[in-house]
$ cat model-v9.cif   # mmCIF, C-alpha atoms and all ligand atoms
data_input
loop_
_atom_site.label_atom_id
_atom_site.label_comp_id
_atom_site.auth_asym_id
_atom_site.auth_seq_id
_atom_site.Cartn_x
_atom_site.Cartn_y
_atom_site.Cartn_z
CA MET A 1 111.03 252.05 89.84
CA LYS A 2 109.26 252.55 93.14
CA ARG A 3 106.44 255.05 93.10
CA ILE A 4 106.01 257.71 95.76
CA TYR A 5 103.03 259.48 94.22
CA SER A 6 101.53 259.42 90.77
CA GLN A 7 98.17 259.24 89.06
CA SER A 8 97.11 258.20 85.59
CA VAL A 9 93.90 257.67 83.68
CA SER A 10 93.43 254.89 81.15
CA VAL A 11 90.59 254.30 78.77
CA GLY A 12 89.10 250.82 78.51
CA LEU A 13 87.98 250.06 74.99
CA GLN A 14 85.82 247.15 73.99
CA ARG A 15 84.75 245.37 70.84
CA ASP A 16 81.66 243.20 70.66
CA LEU A 17 82.49 240.37 68.26
CA GLU A 18 78.79 239.87 67.54
CA ASN A 19 78.84 243.17 65.64
CA GLU A 20 80.02 242.72 62.09
CA PHE A 21 83.21 244.61 61.43
CA GLN A 22 85.50 244.64 58.44
CA ALA A 23 89.19 244.86 59.39
CA PRO A 24 90.62 247.98 57.71
CA ALA A 25 93.48 247.29 55.28
CA ALA A 26 97.00 248.32 56.26
CA LYS A 27 99.09 250.30 53.78
CA ILE A 28 101.35 247.27 53.27
CA GLU A 29 100.54 243.59 52.98
CA ILE A 30 100.52 241.84 56.35
CA GLN A 31 99.52 238.51 57.80
CA ILE A 32 98.94 237.39 61.38
CA ARG A 33 100.69 234.43 62.97
CA LEU A 34 101.92 233.32 66.38
CA LEU A 35 105.11 234.86 67.77
CA ARG A 36 108.20 232.73 67.19
CA LYS A 37 111.32 232.80 69.35
CA GLU A 38 113.39 234.23 66.52
CA ASP A 39 111.00 237.20 66.07
CA VAL A 40 111.80 238.69 69.46
CA ALA A 41 115.28 240.04 68.77
CA ASP A 42 114.08 241.71 65.54
CA LEU A 43 110.95 243.20 67.03
CA LEU A 44 112.48 244.39 70.28
CA ASP A 45 115.81 245.61 68.97
CA PRO A 46 116.61 248.56 71.27
CA ALA A 47 118.92 250.01 68.63
CA ALA A 48 116.15 250.17 66.01
CA ASP A 49 115.32 253.76 66.94
CA PRO A 50 117.12 255.78 69.62
CA SER A 51 113.93 257.75 70.33
CA ILE A 52 112.10 254.65 71.61
CA ASN A 53 111.48 254.73 75.33
CA PRO A 54 113.61 251.82 76.66
CA ARG A 55 110.93 251.10 79.28
CA ILE A 56 108.58 250.07 76.49
CA ILE A 57 111.09 247.50 75.24
CA VAL A 58 111.61 246.25 78.80
CA HIS A 59 107.84 245.90 79.28
CA GLN A 60 107.44 243.96 76.02
CA GLN A 61 110.41 241.72 76.84
CA SER A 62 109.02 241.02 80.32
CA MET A 63 105.74 239.85 78.79
CA VAL A 64 107.67 237.55 76.44
CA ASP A 65 109.75 236.23 79.35
CA ALA A 66 106.63 235.62 81.46
CA ASN A 67 105.30 233.33 78.69
CA ILE A 68 101.93 235.02 78.74
CA PRO A 69 99.58 233.27 76.34
CA THR A 70 99.11 234.16 73.44
CA CYS A 71 101.34 236.56 71.54
CA TYR A 72 100.54 237.21 67.89
CA VAL A 73 102.63 239.08 65.38
CA ALA A 74 101.87 240.78 62.10
CA VAL A 75 104.44 239.90 59.47
CA THR A 76 105.18 241.56 56.15
CA ALA A 77 105.04 239.77 52.79
CA ASP A 78 108.66 238.67 53.34
CA ASN A 79 107.82 237.30 56.81
CA LYS A 80 109.44 240.16 58.78
CA PRO A 81 107.68 240.66 62.13
CA CYS A 82 106.49 244.26 62.42
CA TYR A 83 103.82 244.23 65.16
CA MET A 84 103.18 242.23 68.31
CA GLN A 85 100.20 242.00 70.66
CA TRP A 86 98.92 239.54 73.24
CA LEU A 87 95.41 238.13 73.21
CA ILE A 88 94.63 236.69 76.64
CA GLY A 89 91.54 234.54 77.08
CA TYR A 90 89.31 234.66 80.15
CA ASP A 91 90.44 231.15 81.06
CA ASP A 92 93.75 232.82 81.85
CA ASN A 93 92.27 235.26 84.38
CA GLN A 94 94.60 233.93 87.05
CA GLU A 95 97.56 234.54 84.79
CA ILE A 96 96.30 238.08 84.18
CA GLU A 97 95.95 238.70 87.92
CA LYS A 98 99.43 237.29 88.58
CA CYS A 99 101.12 239.42 85.93
CA PHE A 100 99.13 242.62 86.06
CA LYS A 101 97.98 242.61 89.71
CA GLY A 102 94.41 243.85 89.48
CA VAL A 103 94.67 246.48 86.79
CA PHE A 104 92.26 244.61 84.50
CA PRO A 105 88.72 243.69 85.52
CA ALA A 106 88.18 239.92 85.30
CA LEU A 107 85.19 239.57 83.02
CA LYS A 108 83.50 236.45 81.74
CA LYS A 109 83.40 235.81 78.01
CA THR A 110 85.86 238.65 77.55
CA ALA A 111 89.38 238.41 76.19
CA LEU A 112 92.07 241.01 76.78
CA LEU A 113 94.44 242.57 74.28
CA GLU A 114 97.66 243.85 75.79
CA GLY A 115 101.21 244.77 74.82
CA ALA A 116 100.70 246.27 71.37
CA TYR A 117 103.98 247.31 69.83
CA ILE A 118 105.07 248.25 66.32
CA HIS A 119 108.68 248.06 65.24
CA PRO A 120 109.73 251.71 64.62
CA ALA A 121 110.51 251.02 60.95
CA TYR A 122 106.86 250.11 60.38
CA ARG A 123 105.09 253.03 62.06
CA SER A 124 102.46 255.00 60.12
CA PHE A 125 101.48 252.14 57.79
CA ARG A 126 98.17 251.64 59.61
CA ILE A 127 99.34 248.17 60.57
CA MET A 128 97.92 248.37 64.07
CA PRO A 129 94.21 248.75 63.11
CA MET A 130 94.29 245.80 60.71
CA ALA A 131 96.44 243.57 62.91
CA MET A 132 94.53 244.36 66.10
CA SER A 133 91.22 243.79 64.39
CA LEU A 134 92.30 240.37 63.08
CA ILE A 135 93.87 239.34 66.39
CA ALA A 136 90.70 240.40 68.26
CA GLU A 137 88.65 238.08 66.04
CA LYS A 138 90.70 235.13 67.27
CA ALA A 139 89.02 235.64 70.65
CA ALA A 140 85.94 233.90 69.21
CA GLU A 141 88.02 230.68 69.20
CA MET A 142 88.47 231.25 72.95
CA ASN A 143 84.70 231.41 73.32
CA ALA A 144 84.80 235.12 74.09
CA ARG A 145 82.22 237.56 72.85
CA TRP A 146 83.92 240.77 73.95
CA VAL A 147 87.51 241.90 73.67
CA ASN A 148 88.89 244.60 75.98
CA THR A 149 91.99 246.70 75.92
CA PHE A 150 93.27 249.52 78.13
CA VAL A 151 95.45 252.46 77.25
CA ASP A 152 96.70 255.62 78.86
CA ILE A 153 94.42 258.47 77.82
CA THR A 154 97.40 260.40 76.43
CA ASN A 155 98.36 257.66 73.94
CA ILE A 156 96.53 259.09 70.94
CA PRO A 157 98.15 256.84 68.27
CA PHE A 158 96.99 253.76 70.18
CA LEU A 159 93.51 255.18 70.83
CA ARG A 160 93.19 255.97 67.13
CA GLY A 161 94.33 252.49 66.17
CA CYS A 162 91.83 250.92 68.59
CA GLN A 163 88.91 252.83 67.22
CA ARG A 164 89.93 251.95 63.66
CA ALA A 165 90.04 248.32 64.83
CA GLY A 166 86.38 248.47 65.90
CA PHE A 167 86.87 249.22 69.60
CA ASN A 168 84.80 251.79 71.49
CA PRO A 169 85.58 253.47 74.80
CA TYR A 170 83.47 251.91 77.59
CA LEU A 171 85.32 252.34 80.91
CA LEU A 172 87.81 254.58 82.67
CA ARG A 173 90.50 253.26 84.94
CA LYS A 174 92.21 255.50 87.45
CA ASP A 175 95.55 254.36 88.86
CA ARG A 176 96.94 256.06 91.89
CA TRP A 177 100.24 255.32 93.54
CA LEU A 178 100.96 256.51 97.06
CA LEU A 179 103.98 255.30 99.00
CA PHE A 180 104.39 252.13 96.90
CA HIS A 181 100.69 251.21 97.16
CA GLN A 182 98.63 251.18 94.00
CA THR A 183 94.89 251.81 94.03
CA VAL A 184 92.91 251.05 90.90
CA THR A 185 89.32 252.17 90.39
CA PHE A 186 87.04 251.56 87.44
CA HIS A 187 84.36 254.03 86.39
CA PRO A 188 81.73 253.93 83.67
CA ILE A 189 82.63 256.31 80.90
CA SER A 190 80.40 259.37 80.77
CA LEU A 191 78.98 260.70 77.53
CA THR A 192 81.19 263.76 77.93
CA MET A 193 84.31 261.64 78.33
CA ASN A 194 83.30 259.43 75.42
CA LYS A 195 82.89 262.55 73.27
CA LEU A 196 86.26 263.83 74.44
CA VAL A 197 88.01 260.57 73.49
CA ASN A 198 86.31 260.63 70.11
CA GLU A 199 87.34 264.24 69.60
CA LEU A 200 90.93 263.48 70.65
CA THR A 201 91.09 260.68 68.13
CA ASP A 202 88.86 262.28 65.52
CA SER A 203 87.03 258.98 65.28
CA ASP A 204 83.29 259.57 65.41
CA ARG A 205 83.22 258.13 61.92
CA HIS A 206 84.79 254.86 63.07
CA LYS A 207 82.21 254.10 65.77
CA THR A 208 80.61 250.65 65.64
CA GLY A 209 78.26 250.78 68.64
CA GLY A 210 77.32 247.54 70.39
CA LYS A 211 76.43 246.09 73.74
CA HIS A 212 79.13 246.51 76.35
CA GLN A 213 79.85 244.20 79.22
CA VAL A 214 80.80 246.40 82.15
CA ARG A 215 81.52 245.51 85.74
CA VAL A 216 82.52 248.57 87.67
CA SER A 217 84.45 248.07 90.85
CA ASN A 218 86.88 249.58 93.24
CA HIS A 219 89.91 247.37 93.35
CA LYS A 220 92.83 247.69 95.68
CA PRO A 221 95.58 245.43 94.44
CA LYS A 222 98.36 244.28 96.68
CA SER A 223 101.23 246.70 96.88
CA MET A 224 103.59 246.29 93.98
CA SER A 225 106.46 247.97 92.30
CA THR A 226 107.31 248.49 88.66
C1 LIG B 1 100.75 252.67 69.55
C2 LIG B 1 101.44 252.23 68.27
C3 LIG B 1 101.25 250.71 68.10
C4 LIG B 1 100.78 252.96 67.09
O1 LIG B 1 101.57 252.80 65.95
P1 LIG B 1 101.13 253.41 64.52
O2 LIG B 1 99.77 252.90 64.17
O3 LIG B 1 102.21 253.17 63.53
O4 LIG B 1 101.02 254.94 64.89
P2 LIG B 1 101.04 256.20 63.97
O5 LIG B 1 102.29 256.93 64.24
O6 LIG B 1 100.72 255.86 62.54
O7 LIG B 1 99.83 257.01 64.61
C5 LIG B 1 98.48 256.58 64.43
C6 LIG B 1 97.63 257.81 64.10
O8 LIG B 1 97.67 258.70 65.23
C7 LIG B 1 98.10 259.99 64.79
N1 LIG B 1 98.86 260.59 65.90
C8 LIG B 1 100.07 260.22 66.36
N2 LIG B 1 100.41 261.01 67.40
C9 LIG B 1 99.38 261.89 67.57
C10 LIG B 1 99.13 262.95 68.48
N3 LIG B 1 100.00 263.26 69.43
N4 LIG B 1 97.95 263.63 68.36
C11 LIG B 1 97.06 263.32 67.40
N5 LIG B 1 97.24 262.30 66.53
C12 LIG B 1 98.39 261.61 66.62
C13 LIG B 1 98.97 259.74 63.56
O9 LIG B 1 99.01 260.89 62.74
C14 LIG B 1 98.18 258.61 62.92
O10 LIG B 1 97.04 259.09 62.27
P3 LIG B 1 96.81 258.79 60.69
O11 LIG B 1 96.87 257.30 60.55
O12 LIG B 1 95.46 259.38 60.43
O13 LIG B 1 97.96 259.47 60.00
C15 LIG B 1 102.96 252.57 68.26
O14 LIG B 1 103.08 253.96 68.46
C16 LIG B 1 103.74 251.85 69.34
O15 LIG B 1 104.17 250.71 69.16
N6 LIG B 1 103.96 252.54 70.48
C17 LIG B 1 104.74 252.01 71.60
C18 LIG B 1 103.95 250.99 72.42
C19 LIG B 1 102.59 251.49 72.86
O16 LIG B 1 102.36 252.66 73.15
N7 LIG B 1 101.64 250.52 72.92
C20 LIG B 1 100.28 250.80 73.34
C21 LIG B 1 100.07 250.54 74.79
S1 LIG B 1 99.76 248.84 75.11
#
$ encode --input "model-v9.cif" --output "structure tokens"
Amino acid sequence: MKRIYSQSVSVGLQRDLENEFQAPAAKIEIQIRLLRKEDVADLLDPAADPSINPRIIVHQQSMVDANIPTCYVAVTADNKPCYMQWLIGYDDNQEIEKCFKGVFPALKKTALLEGAYIHPAYRSFRIMPMAMSLIAEKAAEMNARWVNTFVDITNIPFLRGCQRAGFNPYLLRKDRWLLFHQTVTFHPISLTMNKLVNELTDSDRHKTGGKHQVRVSNHKPKSMST
């Protein structure tokens, strides 16, 4: 859909893999493996829950179709895929730029987590914190020290899951659309904003601290449509 005017604020969250962190256990048994072709229809079944926003399914499917490396899934004890998320290494910065057109800062030694999605039947089992935490740790194999992820500030379930997965807010991204042109700016997160995010997610107790790698910039991506 073309955009005439809109604004949104996303929070960038980061985990420093040099800080020890124990992945929290989900309420059901899960394991992490790579996405297989046959998982996609199960995971992205639009009929699974009529309340699901179809745009979310379209977004997930477009990431699958774009062959973005590397999509992991969490599977249940009977190998049913219940969660998906991409871990993108910094070697794939060009791929990131091509697909997401400037909405993620290109940082060295930093991997990106994107496209988290839980099948509706598996919501509320605290799968996301465990799965995201374990997937983030795979970034060490990509030689990354930090792992970033971005989420709209209104997405409280995701923010909660991130903080339970050892991620802390470190950056704000403001997206502004005006007459089909998108402007993206990055801003360091203020103490007040950090406190607000922690209050929204009730997660002061999940904080892990750590050194953040921040590069703040004003970025004007090429005009694009969604
Ligand atoms: C984001 C997502 C993965 C989280 O799934 P989930 O972990 O099963 O989410 P839950 O419904 O259990 O919510 C997580 C927590 O947030 C809480 N929560 C949910 N909505 C809330 C709200 N509006 N305000 C406050 N807390 C809220 C839940 O109570 C839960 O807390 P608890 O574990 O202490 O009970 C899932 O909602 C999803 O796939 N969404 C669609 C895709 C998406 O938004 N992806 C993220 C952007 S990339």
$ closest_residue --input "model-v9.cif" --among "A:Asn198, A:Asn67, A:Ser190, A:Thr149" --to "ligand LIG 1 (chain B)" --atoms "all atoms listed in the file"
A:Thr149
$ atom_distance --input "model-v9.cif" --atom1 "atom O13 of ligand LIG 1 (chain B)" --atom2 "atom CA of Gln31 of chain A"
21.1 Å
$ closest_residue --input "model-v9.cif" --among "A:His119, A:Arg36, A:His181, A:Lys138" --to "Leu87 of chain A" --atoms "all atoms listed in the file"
A:Lys138
$ residues_around --input "model-v9.cif" --residues "Leu35 of chain A" --least-positions-apart "5" --cutoff "12 Å" --atoms "all atoms listed in the file" --output "list in words"
Val40, Ala41, Asp42, Leu43, Val64, Asn67, Ile68, Pro69, Thr70, Cys71, Tyr72, Val73, Ala74, Val75, Asn79, Lys80, Pro81, Cys82, Tyr83, Met84, Gln85, Trp86 and Leu87 of chain A
$ closest_atom_pairs --input "model-v9.cif" --of "chain A" --to "ligand LIG 1 (chain B)" --cutoff "6 Å" --atoms "all atoms listed in the file" --output "JSON lines"
{"residue": "A:Glu114", "atom": "CA", "partner": "B:LIG1", "partner_atom": "S1", "distance": 5.5}
{"residue": "A:Gly115", "atom": "CA", "partner": "B:LIG1", "partner_atom": "S1", "distance": 4.3}
{"residue": "A:Ala116", "atom": "CA", "partner": "B:LIG1", "partner_atom": "N7", "distance": 4.6}
{"residue": "A:Tyr117", "atom": "CA", "partner": "B:LIG1", "partner_atom": "O15", "distance": 3.5}
{"residue": "A:Ile118", "atom": "CA", "partner": "B:LIG1", "partner_atom": "O15", "distance": 3.9}
{"residue": "A:Arg123", "atom": "CA", "partner": "B:LIG1", "partner_atom": "O3", "distance": 3.2}
{"residue": "A:Ser124", "atom": "CA", "partner": "B:LIG1", "partner_atom": "O6", "distance": 3.1}
{"residue": "A:Phe125", "atom": "CA", "partner": "B:LIG1", "partner_atom": "O3", "distance": 5.9}
{"residue": "A:Arg126", "atom": "CA", "partner": "B:LIG1", "partner_atom": "O2", "distance": 5.0}
{"residue": "A:Ile127", "atom": "CA", "partner": "B:LIG1", "partner_atom": "O2", "distance": 6.0}
{"residue": "A:Met128", "atom": "CA", "partner": "B:LIG1", "partner_atom": "O2", "distance": 4.9}
{"residue": "A:Val151", "atom": "CA", "partner": "B:LIG1", "partner_atom": "C21", "distance": 5.6}
{"residue": "A:Ile156", "atom": "CA", "partner": "B:LIG1", "partner_atom": "C9", "distance": 5.2}
{"residue": "A:Pro157", "atom": "CA", "partner": "B:LIG1", "partner_atom": "O8", "distance": 3.6}
{"residue": "A:Phe158", "atom": "CA", "partner": "B:LIG1", "partner_atom": "C1", "distance": 4.0}
{"residue": "A:Arg160", "atom": "CA", "partner": "B:LIG1", "partner_atom": "O8", "distance": 5.6}
{"residue": "A:Gly161", "atom": "CA", "partner": "B:LIG1", "partner_atom": "O2", "distance": 5.8}
$ closest_residue --input "model-v9.cif" --among "A:Ala136, A:Leu13, A:Ala48, A:Ile189" --to "Tyr122 of chain A" --atoms "only C-alpha atoms"
A:Ala48
$ atom_distance --input "model-v9.cif" --atom1 "atom CA of Trp146 of chain A" --atom2 "atom CA of Asn19 of chain A"
10.0 Å
